[in-house]
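Enquirer: Contents are compact mmCIF, C-alpha atoms; file name start.txt:
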```
# COMPACT_ATOMS: atom_id res chain seq x y z
CA MET K 197 104.65 -12.48 12.60
CA THR K 198 106.35 -13.92 15.71
CA VAL K 199 108.63 -10.89 15.91
CA ILE K 200 105.63 -8.55 15.63
CA LEU K 201 103.75 -10.41 18.36
CA ARG K 202 106.80 -10.23 20.60
CA SER K 203 107.20 -6.50 19.89
CA PHE K 204 103.54 -5.46 20.19
CA GLY K 205 102.11 -8.27 22.31
CA SER K 206 101.32 -6.01 25.26
CA LEU K 207 99.35 -3.57 23.06
CA TYR K 208 97.48 -6.41 21.33
CA PHE K 209 96.66 -8.02 24.68
CA ALA K 210 95.29 -4.72 26.00
CA THR K 211 93.13 -4.46 22.86
CA VAL K 212 91.77 -7.98 23.36
CA LEU K 213 90.81 -7.23 26.97
CA MET K 214 89.13 -3.95 26.00
CA LEU K 215 87.06 -5.59 23.25
CA ILE K 216 86.06 -8.54 25.44
CA GLY K 217 84.62 -6.04 27.88
CA SER K 218 83.02 -3.85 25.20
CA GLY K 219 81.47 -6.74 23.28
CA LEU K 220 80.11 -8.40 26.40
CA LEU K 221 78.69 -5.12 27.74
CA SER K 222 76.76 -4.37 24.52
CA THR K 223 75.11 -7.79 24.44
CA TYR K 224 74.51 -7.87 28.20
CA LEU K 225 72.67 -4.53 28.20
CA ALA K 226 70.51 -5.56 25.24
CA LEU K 227 69.53 -8.82 26.93
CA ARG K 228 68.93 -7.14 30.30
CA LEU K 229 66.45 -4.77 28.66
CA SER K 230 64.81 -7.36 26.37
CA SER K 231 62.16 -8.26 28.93
CA SER K 232 61.62 -4.88 30.60
CA ALA K 233 62.07 -2.25 27.85
CA ASP K 234 61.45 -1.89 24.14
CA GLY K 235 63.86 -1.77 21.23
CA LEU K 236 63.98 2.02 21.23
CA TRP K 237 65.79 2.11 24.58
CA VAL K 238 68.22 -0.60 23.47
CA GLY K 239 68.93 1.35 20.31
CA ALA K 240 69.37 4.55 22.29
CA LEU K 241 72.04 2.90 24.44
CA MET K 242 74.05 1.91 21.38
CA ALA K 243 73.54 5.38 19.86
CA ALA K 244 74.90 6.91 23.06
CA TYR K 245 77.96 4.68 22.82
CA TYR K 246 78.72 5.82 19.28
CA PHE K 247 78.10 9.43 20.26
CA GLY K 248 80.75 8.94 22.93
CA LEU K 249 83.16 7.50 20.37
CA VAL K 250 82.72 10.50 18.07
CA LEU K 251 83.10 12.94 20.96
CA GLY K 252 86.16 11.05 22.19
CA GLY K 253 87.88 11.67 18.87
CA LYS K 254 88.10 15.37 19.80
CA VAL K 255 88.63 15.00 23.54
CA GLY K 256 91.29 12.32 23.14
CA HIS K 257 93.76 14.49 21.23
CA ARG K 258 93.57 17.26 23.82
CA LEU K 259 93.82 14.89 26.78
CA ILE K 260 96.82 13.01 25.40
CA ALA K 261 98.57 16.25 24.44
CA ARG K 262 98.04 17.61 27.96
CA VAL K 263 98.99 14.64 30.20
CA GLY K 264 100.71 12.13 27.90
CA HIS K 265 99.74 8.74 26.51
CA ILE K 266 100.06 6.50 29.56
CA ARG K 267 98.33 8.90 31.96
CA ALA K 268 95.51 9.45 29.46
CA TYR K 269 95.07 5.70 28.99
CA VAL K 270 95.06 5.04 32.73
CA ALA K 271 92.58 7.84 33.41
CA CYS K 272 90.20 6.70 30.68
CA ALA K 273 90.40 3.05 31.70
CA GLY K 274 89.50 4.10 35.24
CA VAL K 275 86.54 6.17 34.03
CA VAL K 276 85.30 3.33 31.80
CA THR K 277 85.60 0.81 34.65
CA ALA K 278 83.61 3.10 36.96
CA ALA K 279 80.97 3.71 34.26
CA VAL K 280 80.56 -0.05 33.72
CA LEU K 281 80.05 -0.66 37.44
CA GLY K 282 77.66 2.30 37.51
CA HIS K 283 75.20 0.28 35.40
CA GLY K 284 74.79 -2.03 38.37
CA LEU K 285 74.04 0.76 40.85
CA SER K 286 70.87 2.03 39.21
CA ASP K 287 68.16 0.75 36.86
CA TRP K 288 67.21 4.28 35.75
CA LEU K 289 67.60 4.14 31.98
CA PRO K 290 68.51 7.81 31.37
CA SER K 291 71.52 7.33 33.64
CA TRP K 292 72.52 4.33 31.54
CA LEU K 293 72.56 6.57 28.45
CA PHE K 294 75.06 8.90 30.13
CA LEU K 295 77.19 5.98 31.32
CA ARG K 296 77.14 4.38 27.86
CA ALA K 297 78.34 7.62 26.25
CA LEU K 298 81.07 7.84 28.90
CA VAL K 299 82.22 4.31 28.01
CA GLY K 300 82.39 5.27 24.32
CA LEU K 301 84.35 8.47 25.02
CA GLY K 302 86.85 6.71 27.26
CA MET K 303 87.35 3.81 24.87
CA MET K 304 88.04 6.14 21.93
CA CYS K 305 90.83 7.75 23.94
CA GLN K 306 92.22 4.29 24.71
CA TYR K 307 92.10 3.34 21.03
CA MET K 308 93.99 6.51 20.13
CA VAL K 309 96.76 5.72 22.61
CA ILE K 310 97.19 2.18 21.28
CA GLU K 311 97.02 3.21 17.61
CA SER K 312 99.54 6.02 18.02
CA TRP K 313 101.87 3.64 19.82
CA LEU K 314 101.56 1.00 17.10
CA ASN K 315 102.08 3.58 14.37
CA GLU K 316 105.17 5.14 15.90
CA GLN K 317 106.88 1.84 16.69
CA ALA K 318 106.00 0.06 13.41
CA GLU K 319 108.53 0.14 10.57
CA SER K 320 107.26 1.02 7.10
CA ASP K 321 107.85 -2.52 5.80
CA THR K 322 105.91 -4.14 8.68
CA ARG K 323 103.03 -1.67 9.07
CA GLY K 324 100.56 -3.89 7.19
CA ARG K 325 101.28 -6.88 9.44
CA VAL K 326 101.14 -4.71 12.56
CA PHE K 327 97.71 -3.44 11.50
CA ALA K 328 96.59 -7.00 10.69
CA GLY K 329 97.57 -8.07 14.20
CA TYR K 330 95.60 -5.16 15.61
CA MET K 331 92.49 -6.24 13.70
CA ILE K 332 92.88 -9.86 14.79
CA ALA K 333 93.08 -8.70 18.41
CA PHE K 334 89.97 -6.56 17.90
CA TYR K 335 87.83 -9.33 16.43
CA ALA K 336 89.15 -11.96 18.84
CA GLY K 337 88.10 -9.80 21.77
CA MET K 338 84.64 -9.21 20.32
CA ILE K 339 84.03 -12.93 19.75
CA LEU K 340 85.37 -13.97 23.17
CA GLY K 341 83.09 -11.39 24.79
CA GLN K 342 80.06 -13.07 23.24
CA LEU K 343 81.18 -16.56 24.22
CA ILE K 344 81.31 -15.59 27.89
CA LEU K 345 77.50 -15.65 27.76
CA VAL K 346 77.67 -19.33 26.81
CA VAL K 347 79.73 -20.11 29.91
CA HIS K 348 77.75 -17.78 32.20
CA PRO K 349 74.19 -17.27 30.85
CA GLN K 350 72.77 -15.69 34.03
CA LEU K 351 72.27 -11.96 33.50
CA GLY K 352 73.29 -10.92 36.97
CA SER K 353 75.75 -8.34 38.23
CA GLU K 354 78.52 -10.91 37.85
CA LEU K 355 78.77 -10.13 34.12
CA LEU K 356 79.20 -6.42 34.84
CA MET K 357 82.02 -7.37 37.17
CA VAL K 358 83.64 -9.40 34.38
CA VAL K 359 83.40 -6.39 32.06
CA ALA K 360 84.89 -4.09 34.71
CA LEU K 361 87.59 -6.69 35.36
CA CYS K 362 88.58 -6.64 31.68
CA PHE K 363 88.87 -2.85 31.62
CA ALA K 364 90.86 -2.86 34.86
CA LEU K 365 93.25 -5.55 33.61
CA CYS K 366 93.83 -3.79 30.27
CA LEU K 367 95.81 -1.24 32.31
CA VAL K 368 98.48 -3.79 33.20
CA PRO K 369 100.07 -4.45 29.76
CA ILE K 370 100.12 -0.72 28.97
CA ALA K 371 101.62 0.22 32.33
CA LEU K 372 104.31 -2.48 32.06
CA THR K 373 105.20 -2.07 28.37
CA ARG K 374 108.83 -1.25 27.64
CA LYS K 375 107.94 0.58 24.43
CA MET K 376 109.09 4.18 24.12
CA HIS K 377 106.52 6.84 24.90
CA PRO K 378 104.93 8.10 21.64
CA LYS K 379 105.21 11.73 20.59
CA PRO K 380 102.37 14.17 21.41
CA LEU K 381 99.32 14.05 19.13
CA HIS K 382 97.74 16.86 17.17
CA PRO K 383 94.22 16.76 15.69
CA ALA K 384 93.87 15.92 12.02
CA PRO K 385 92.17 18.78 10.15
CA MET K 386 88.57 18.25 9.04
CA GLU K 387 87.95 19.05 5.36
CA LEU K 388 84.36 17.91 4.93
CA PRO K 389 83.46 20.12 1.89
CA PHE K 390 86.51 18.85 0.00
CA PHE K 391 85.61 15.20 0.60
CA ILE K 392 81.90 15.70 -0.18
CA LYS K 393 83.04 16.93 -3.60
CA HIS K 394 85.70 14.27 -4.21
CA VAL K 395 84.28 11.08 -2.60
CA PRO K 396 80.46 11.45 -2.33
CA LEU K 397 79.72 7.79 -3.08
CA SER K 398 82.17 6.62 -0.42
CA LEU K 399 80.60 8.94 2.16
CA THR K 400 77.13 7.62 1.30
CA THR K 401 78.31 4.03 1.68
CA ILE K 402 80.06 4.82 4.97
CA ALA K 403 76.90 6.48 6.35
CA VAL K 404 74.70 3.51 5.42
CA SER K 405 77.32 1.11 6.80
CA GLY K 406 77.22 3.05 10.08
CA LEU K 407 73.43 2.81 10.19
CA MET K 408 73.56 -0.96 9.70
CA VAL K 409 76.54 -1.78 11.93
CA GLY K 410 75.22 0.38 14.78
CA ALA K 411 71.82 -1.29 14.53
CA PHE K 412 73.45 -4.73 14.37
CA TYR K 413 75.62 -4.39 17.47
CA GLY K 414 72.89 -2.68 19.46
CA LEU K 415 69.83 -4.69 18.46
CA ALA K 416 70.93 -8.13 17.19
CA PRO K 417 71.02 -9.52 20.78
CA LEU K 418 67.50 -8.15 21.36
CA TYR K 419 66.39 -9.64 18.04
CA GLY K 420 67.73 -13.05 19.04
CA ALA K 421 66.00 -12.90 22.42
CA ARG K 422 62.68 -11.86 20.83
CA MET K 423 63.01 -14.75 18.34
CA GLY K 424 63.09 -17.18 21.26
CA LEU K 425 66.81 -17.79 21.72
CA THR K 426 68.19 -18.47 25.19
CA THR K 427 71.05 -16.40 26.60
CA GLU K 428 73.57 -19.10 25.62
CA GLN K 429 72.15 -19.23 22.11
CA VAL K 430 72.31 -15.43 21.79
CA GLY K 431 76.00 -15.63 22.72
CA VAL K 432 76.62 -18.24 20.02
CA PHE K 433 74.49 -16.28 17.54
CA MET K 434 76.44 -13.05 18.09
CA GLY K 435 79.79 -14.82 18.11
CA CYS K 436 79.08 -16.54 14.78
CA LEU K 437 77.87 -13.33 13.16
CA ILE K 438 80.95 -11.38 14.25
CA LEU K 439 83.09 -14.27 13.03
CA ALA K 440 81.52 -13.75 9.61
CA GLY K 441 83.08 -10.28 9.56
CA VAL K 442 86.51 -11.79 10.27
CA LEU K 443 86.31 -14.55 7.66
CA VAL K 444 85.16 -12.27 4.85
CA GLN K 445 88.14 -9.88 5.08
CA ALA K 446 90.73 -12.04 3.28
CA PRO K 447 88.61 -12.87 0.19
CA LEU K 448 87.34 -9.29 0.18
CA GLY K 449 90.90 -7.97 -0.04
CA TRP K 450 91.67 -10.36 -2.91
CA LEU K 451 88.58 -9.24 -4.83
CA SER K 452 89.13 -5.56 -4.07
CA ASP K 453 92.57 -5.57 -5.66
CA ARG K 454 91.29 -7.22 -8.85
CA TYR K 455 87.89 -5.71 -9.59
CA GLU K 456 86.43 -2.22 -9.65
CA ARG K 457 85.51 -1.32 -6.10
CA ILE K 458 82.32 0.55 -6.82
CA LYS K 459 80.99 -2.52 -8.65
CA LEU K 460 81.94 -4.66 -5.64
CA ILE K 461 80.06 -2.30 -3.30
CA ARG K 462 76.98 -2.51 -5.51
CA SER K 463 77.22 -6.31 -5.80
CA CYS K 464 77.58 -6.72 -2.03
CA THR K 465 74.62 -4.40 -1.45
CA ILE K 466 72.39 -6.34 -3.87
CA ALA K 467 73.38 -9.61 -2.19
CA LEU K 468 72.73 -8.01 1.21
CA ALA K 469 69.21 -6.98 0.21
CA VAL K 470 68.47 -10.51 -1.05
CA ALA K 471 69.93 -12.18 2.06
CA SER K 472 68.03 -9.84 4.42
CA LEU K 473 64.65 -10.55 2.86
CA PRO K 474 63.98 -14.03 4.39
CA LEU K 475 64.58 -12.84 7.98
CA ALA K 476 62.67 -9.64 7.23
CA VAL K 477 59.47 -11.59 6.52
CA MET K 478 59.90 -14.30 9.19
CA THR K 479 58.36 -13.64 12.58
CA GLU K 480 59.53 -17.06 13.81
CA ALA K 481 62.62 -19.04 12.84
CA SER K 482 64.81 -21.88 14.10
CA MET K 483 68.30 -21.35 15.46
CA ALA K 484 69.81 -22.89 12.32
CA THR K 485 67.87 -20.53 10.05
CA LEU K 486 68.91 -17.50 12.07
CA LEU K 487 72.55 -18.57 11.98
CA VAL K 488 72.66 -19.26 8.23
CA PHE K 489 70.96 -16.09 7.03
CA GLY K 490 72.38 -13.95 9.84
CA PHE K 491 75.91 -15.12 8.97
CA ILE K 492 75.47 -14.17 5.31
CA VAL K 493 73.92 -10.78 6.10
CA CYS K 494 76.62 -9.90 8.61
CA ALA K 495 79.44 -10.94 6.25
CA LEU K 496 78.03 -8.66 3.54
CA GLN K 497 77.48 -5.79 5.99
CA PHE K 498 81.10 -5.94 7.08
CA CYS K 499 82.22 -5.62 3.45
CA LEU K 500 80.78 -2.14 2.93
CA TYR K 501 83.01 -0.15 5.28
CA PRO K 502 86.43 -1.42 4.10
CA LEU K 503 85.41 -1.22 0.43
CA ALA K 504 84.18 2.36 0.87
CA VAL K 505 87.39 3.32 2.70
CA ALA K 506 89.52 1.80 -0.06
CA LEU K 507 87.44 3.55 -2.75
CA ALA K 508 87.81 6.89 -0.95
CA ASN K 509 91.58 6.46 -0.64
CA ASP K 510 91.75 5.85 -4.41
CA HIS K 511 90.42 9.38 -4.96
CA VAL K 512 92.47 11.28 -2.37
CA GLU K 513 96.16 12.19 -2.36
CA ALA K 514 98.37 10.65 0.32
CA ASP K 515 98.80 13.90 2.25
CA ARG K 516 95.02 14.12 2.85
CA ARG K 517 94.41 10.54 3.98
CA VAL K 518 94.66 11.20 7.70
CA SER K 519 92.05 13.96 7.30
CA LEU K 520 89.98 11.57 5.19
CA THR K 521 89.99 8.98 7.97
CA ALA K 522 88.79 11.59 10.46
CA VAL K 523 85.89 12.58 8.18
CA LEU K 524 84.95 8.96 7.43
CA LEU K 525 84.87 8.09 11.14
CA VAL K 526 82.65 11.08 11.92
CA VAL K 527 80.25 10.14 9.09
CA PHE K 528 80.24 6.52 10.26
CA GLY K 529 79.64 7.64 13.85
CA VAL K 530 76.68 9.83 12.88
CA GLY K 531 75.16 6.90 11.00
CA ALA K 532 75.85 4.53 13.89
CA CYS K 533 74.10 6.93 16.29
CA ALA K 534 70.99 7.15 14.10
CA GLY K 535 70.81 3.48 13.06
CA PRO K 536 69.98 1.91 16.44
CA LEU K 537 67.37 4.58 17.12
CA LEU K 538 65.57 4.12 13.80
CA ALA K 539 65.73 0.32 13.88
CA GLY K 540 64.78 0.27 17.57
CA LEU K 541 61.70 2.38 16.86
CA MET K 542 60.69 0.03 14.04
CA MET K 543 61.13 -3.00 16.31
CA ARG K 544 59.07 -1.32 19.00
CA LEU K 545 56.18 -0.62 16.63
CA TRP K 546 56.12 -3.69 14.38
CA GLY K 547 58.19 -6.51 15.87
CA ALA K 548 61.66 -8.04 16.02
CA ASN K 549 61.88 -8.87 12.30
CA MET K 550 61.95 -5.11 11.57
CA LEU K 551 65.71 -5.23 12.21
CA TYR K 552 66.18 -7.07 8.91
CA VAL K 553 63.52 -4.95 7.22
CA PHE K 554 65.74 -2.02 8.23
CA PHE K 555 68.75 -3.69 6.59
CA PHE K 556 66.70 -4.41 3.46
CA ILE K 557 65.42 -0.83 3.12
CA PHE K 558 68.85 0.78 3.44
CA SER K 559 70.35 -1.80 1.08
CA LEU K 560 67.83 -0.66 -1.54
CA ILE K 561 68.73 2.98 -0.89
CA LEU K 562 72.41 2.19 -1.38
CA ILE K 563 71.67 0.24 -4.58
CA ILE K 564 69.88 3.28 -6.00
CA ARG K 565 72.48 5.79 -4.84
CA VAL K 566 75.75 3.95 -5.59
CA ARG K 567 76.03 3.01 -9.25
CA PRO K 568 79.08 2.72 -11.53
CA ALA K 569 77.47 5.26 -13.88
CA LEU K 570 77.72 7.91 -11.12
CA SER K 571 81.46 7.38 -10.68
CA VAL K 572 83.20 9.76 -13.08
CA HIS K 573 86.76 9.14 -11.75
CA LEU K 574 87.55 12.87 -12.05
CA TYR K 575 89.57 12.94 -8.84
CA GLN K 576 91.08 9.45 -8.91
CA ASP K 577 94.69 9.23 -7.73
CA GLN K 578 97.13 8.38 -10.49
CA ASP K 579 98.29 5.27 -8.58
CA ALA K 580 94.74 3.97 -8.00
CA PRO K 581 93.48 1.47 -7.28
CA LEU K 582 95.62 1.31 -4.16
CA GLN K 583 96.30 -2.00 -2.47
CA HIS K 584 93.31 -2.97 -0.34
CA VAL K 585 93.92 -3.09 3.40
CA ALA K 586 91.11 -4.52 5.52
CA MET K 587 89.83 -1.95 8.01
CA PRO K 588 88.02 -2.32 11.33
CA ASP K 589 84.25 -2.22 11.07
CA GLY K 590 83.87 1.07 12.86
CA MET K 591 83.59 -0.16 16.42
CA VAL K 592 87.22 0.78 16.82
CA GLY K 593 89.55 3.33 15.34
CA SER K 594 90.55 6.96 15.30
CA PRO K 595 92.05 9.22 12.63
CA LEU K 596 95.35 7.61 13.62
CA ALA K 597 94.19 4.39 11.95
CA ALA K 598 95.22 5.94 8.63
CA ALA K 599 98.78 6.14 9.89
CA LEU K 600 98.85 2.34 10.25
CA ASP K 601 97.67 1.91 6.67
CA PRO K 602 100.74 0.79 4.65
CA ARG K 603 99.39 2.66 1.61
CA VAL K 604 100.09 5.97 3.34
CA ASP K 605 103.68 7.18 3.29
CA GLU K 606 105.08 7.49 6.82
CA GLN K 607 106.69 10.89 6.27
CA VAL K 608 103.48 12.28 4.76
CA VAL K 609 101.51 11.09 7.79
CA GLN K 610 103.91 12.71 10.23
CA GLU K 611 103.78 16.00 8.33
CA GLN K 612 99.96 15.82 8.22
CA MET K 613 99.66 15.24 11.96
CA VAL K 614 102.17 17.97 12.87
CA ALA K 615 100.98 20.61 10.36
CA PRO K 616 98.14 22.04 12.53
CA ALA K 617 100.51 22.57 15.44
CA VAL K 618 103.13 24.23 13.21
CA ALA K 619 100.50 26.55 11.73
CA GLU K 620 99.33 27.52 15.21
CA VAL K 621 102.89 28.33 16.34
CA GLU K 622 103.52 30.44 13.22
CA ALA K 623 100.27 32.34 13.77
CA ARG K 624 101.22 33.14 17.37
CA GLN K 625 104.69 34.32 16.28
CA SER K 626 103.12 36.57 13.65
CA GLU K 627 100.77 38.09 16.25
CA ALA K 628 103.68 38.63 18.64
CA GLU K 629 105.68 40.43 15.92
CA LYS K 630 102.71 42.69 15.14
CA ASP K 631 102.31 43.54 18.83
CA ALA K 632 106.01 44.28 19.09
CA GLY K 633 105.81 46.56 16.03
CA ASN K 634 102.94 48.48 17.58
```
For the structure just supplied, provide its representation as structure tokens.

Expert:
Amino acid sequence: MTVILRSFGSLYFATVLMLIGSGLLSTYLALRLSSSADGLWVGALMAAYYFGLVLGGKVGHRLIARVGHIRAYVACAGVVTAAVLGHGLSDWLPSWLFLRALVGLGMMCQYMVIESWLNEQAESDTRGRVFAGYMIAFYAGMILGQLILVVHPQLGSELLMVVALCFALCLVPIALTRKMHPKPLHPAPMELPFFIKHVPLSLTTIAVSGLMVGAFYGLAPLYGARMGLTTEQVGVFMGCLILAGVLVQAPLGWLSDRYERIKLIRSCTIALAVASLPLAVMTEASMATLLVFGFIVCALQFCLYPLAVALANDHVEADRRVSLTAVLLVVFGVGACAGPLLAGLMMRLWGANMLYVFFFIFSLILIIRVRPALSVHLYQDQDAPLQHVAMPDGMVGSPLAAALDPRVDEQVVQEQMVAPAVAEVEARQSEAEKDAGN
């Protein structure tokens, strides 16, 4: 692991800085609006962020192909920094929606640069450890971002400056890295009808996971504030809940490789419904109660996405897994856009505890929809179940994340990413020959 840290330390450090800024900004905006606006606006801000992430998946490929990785990263980091500071120039909430979407779009492009760099420089026998280091950097940044609120609980413009500072500094390790420039990117093809037919249960789980995770990141700080927590306590609350997602990954991987994954998804969902119920009915609760039940709920929420991704990969051939990742991220992003809006509306109408009522309701829907009896295994890969690899929770990642997955053959990934460009060149040559014949 020391060799990997030495080789990819600059990329990991840039990821940490980005996620410190992103995590702090999400919680800061929710707390800023907790006293002056309702949950619907807070949810709309998080929905705009996820909309930007989804849009950035398309824009990022074109931008990187046009100007190169480093220039694209620098440009997007500059745009994100300006958008963050823009929140301090105006209190007009519609402008914040635009700025939040701009942050999401820019960050997706930055993720794509880092992931493509990691993928190209990682050897096939170290790809799993490289990806593990990437995830550790992601979660470490998220947790550190929350803990800044413990050190500086005042919700002034100073916190926006800290966020902007993180996005400005994340330029330095990328600009100074001695790693070779990655090859140009090409968009992964979208094959939604194929995946709806082959992995419907995984898509359902991913959509519900997006609903819950989007609502959690957008509205959990508001929930804590409405339950009487101070700014410092909200920072600790969010940090502990995100930590739950980190700690659950190792035992989840062990279980996923030994038991049927669809049964694990159903078991986690049942446990999630049970754990959500106490906070769903409580309109008042102590800090200890919120931490205990919130920790359990968050740990179970963070299980759904990686289990659904692993289940989907079991039913798709290796040469389609980059396309699969693109589809899963779009489905997750759509869910994450809708989740904060729906949960925010419920909190606006009926109170803060509606956040956990929201989790309970969609847990029940998933229990009804995802059952072992509905899994016919018609399209299961002959090598399934594949080795489980813990995945990010959806706040980070592009279709290139599949290329870091050690279950996907490196040559297959390269062919998959290059195929659209080759097809386009062949089509143009064919048209040129026809024109010449005429």

Enquirer: Measuring atom to atom with only C-alpha atoms, identify which of K:Ala539, K:Leu397, K:Ala508, K:Val275 is nearest to K:Ile564.

Expert: K:Leu397

Enquirer: With distances taken over all atoms listed in the file, which of K:Phe556, K:Arg262, K:Ser230, K:Leu289 is nearest to K:Gly424?

Expert: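 Going through K:Phe556, K:Arg262, K:Ser230, K:Leu289 one by one, the smallest distance to K:Gly424 is for K:Ser230.
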
Enquirer: Skipping near chain neighbours, those fewer than 6 positions away, what residues fall within 10 Å of K:Gly205 using all atoms listed in the file, listed as a PyMOL selection string?

Expert: chain K and resi 198-199+211+329-330+333+369+373

Enquirer: Quote the spacing between atom CA of K:Arg422 and atom CA of K:Leu437 in Å to one decimal place.

Expert: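 Atom CA of K:Leu437 lies at a distance of 17.1 Å from atom CA of K:Arg422.
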
Enquirer: Counting all atoms listed in the file, write as a ChimeraX atom specification all protein and nucleic acid residues lying at most 9 Å from (73.2, 6.6, 5.1) in the file's frame.

Expert: /K:399-408,527-528,531,535,558,561-562

Enquirer: So which residues touch K:Cys362 within 12 Å, counting only C-alpha atoms, skipping near sequence neighbours fewer than 5 positions away, as a ChimeraX atom specification?

Expert: /K:209-221,273-274,276-277,280-281,337,340-341,355-357,367-369

Enquirer: With only C-alpha atoms counted, which protein, DNA or RNA residues have an atom no more than 12 Å from (83.0, -14.1, 14.2) in the file frame? Please answer as a count of residues only.

Expert: 34

Enquirer: Do a neighbour search on stretch 411-421 of chain K at 6 Å with all atoms listed in the file, toss out local chain neighbours closer than 5 positions, and write the hits as an mmCIF file with C-alpha atoms, in the coordinates of the input.

Expert:
```cif
data_model
loop_
_atom_site.group_PDB
_atom_site.id
_atom_site.type_symbol
_atom_site.label_atom_id
_atom_site.label_comp_id
_atom_site.auth_asym_id
_atom_site.auth_seq_id
_atom_site.Cartn_x
_atom_site.Cartn_y
_atom_site.Cartn_z
ATOM 1 C CA THR K 223 75.110 -7.790 24.440
ATOM 2 C CA ALA K 226 70.510 -5.560 25.240
ATOM 3 C CA LEU K 227 69.530 -8.820 26.930
ATOM 4 C CA SER K 230 64.810 -7.360 26.370
ATOM 5 C CA GLY K 239 68.930 1.350 20.310
ATOM 6 C CA MET K 242 74.050 1.910 21.380
ATOM 7 C CA VAL K 430 72.310 -15.430 21.790
ATOM 8 C CA GLY K 535 70.810 3.480 13.060
ATOM 9 C CA PRO K 536 69.980 1.910 16.440
ATOM 10 C CA ALA K 548 61.660 -8.040 16.020
#
```
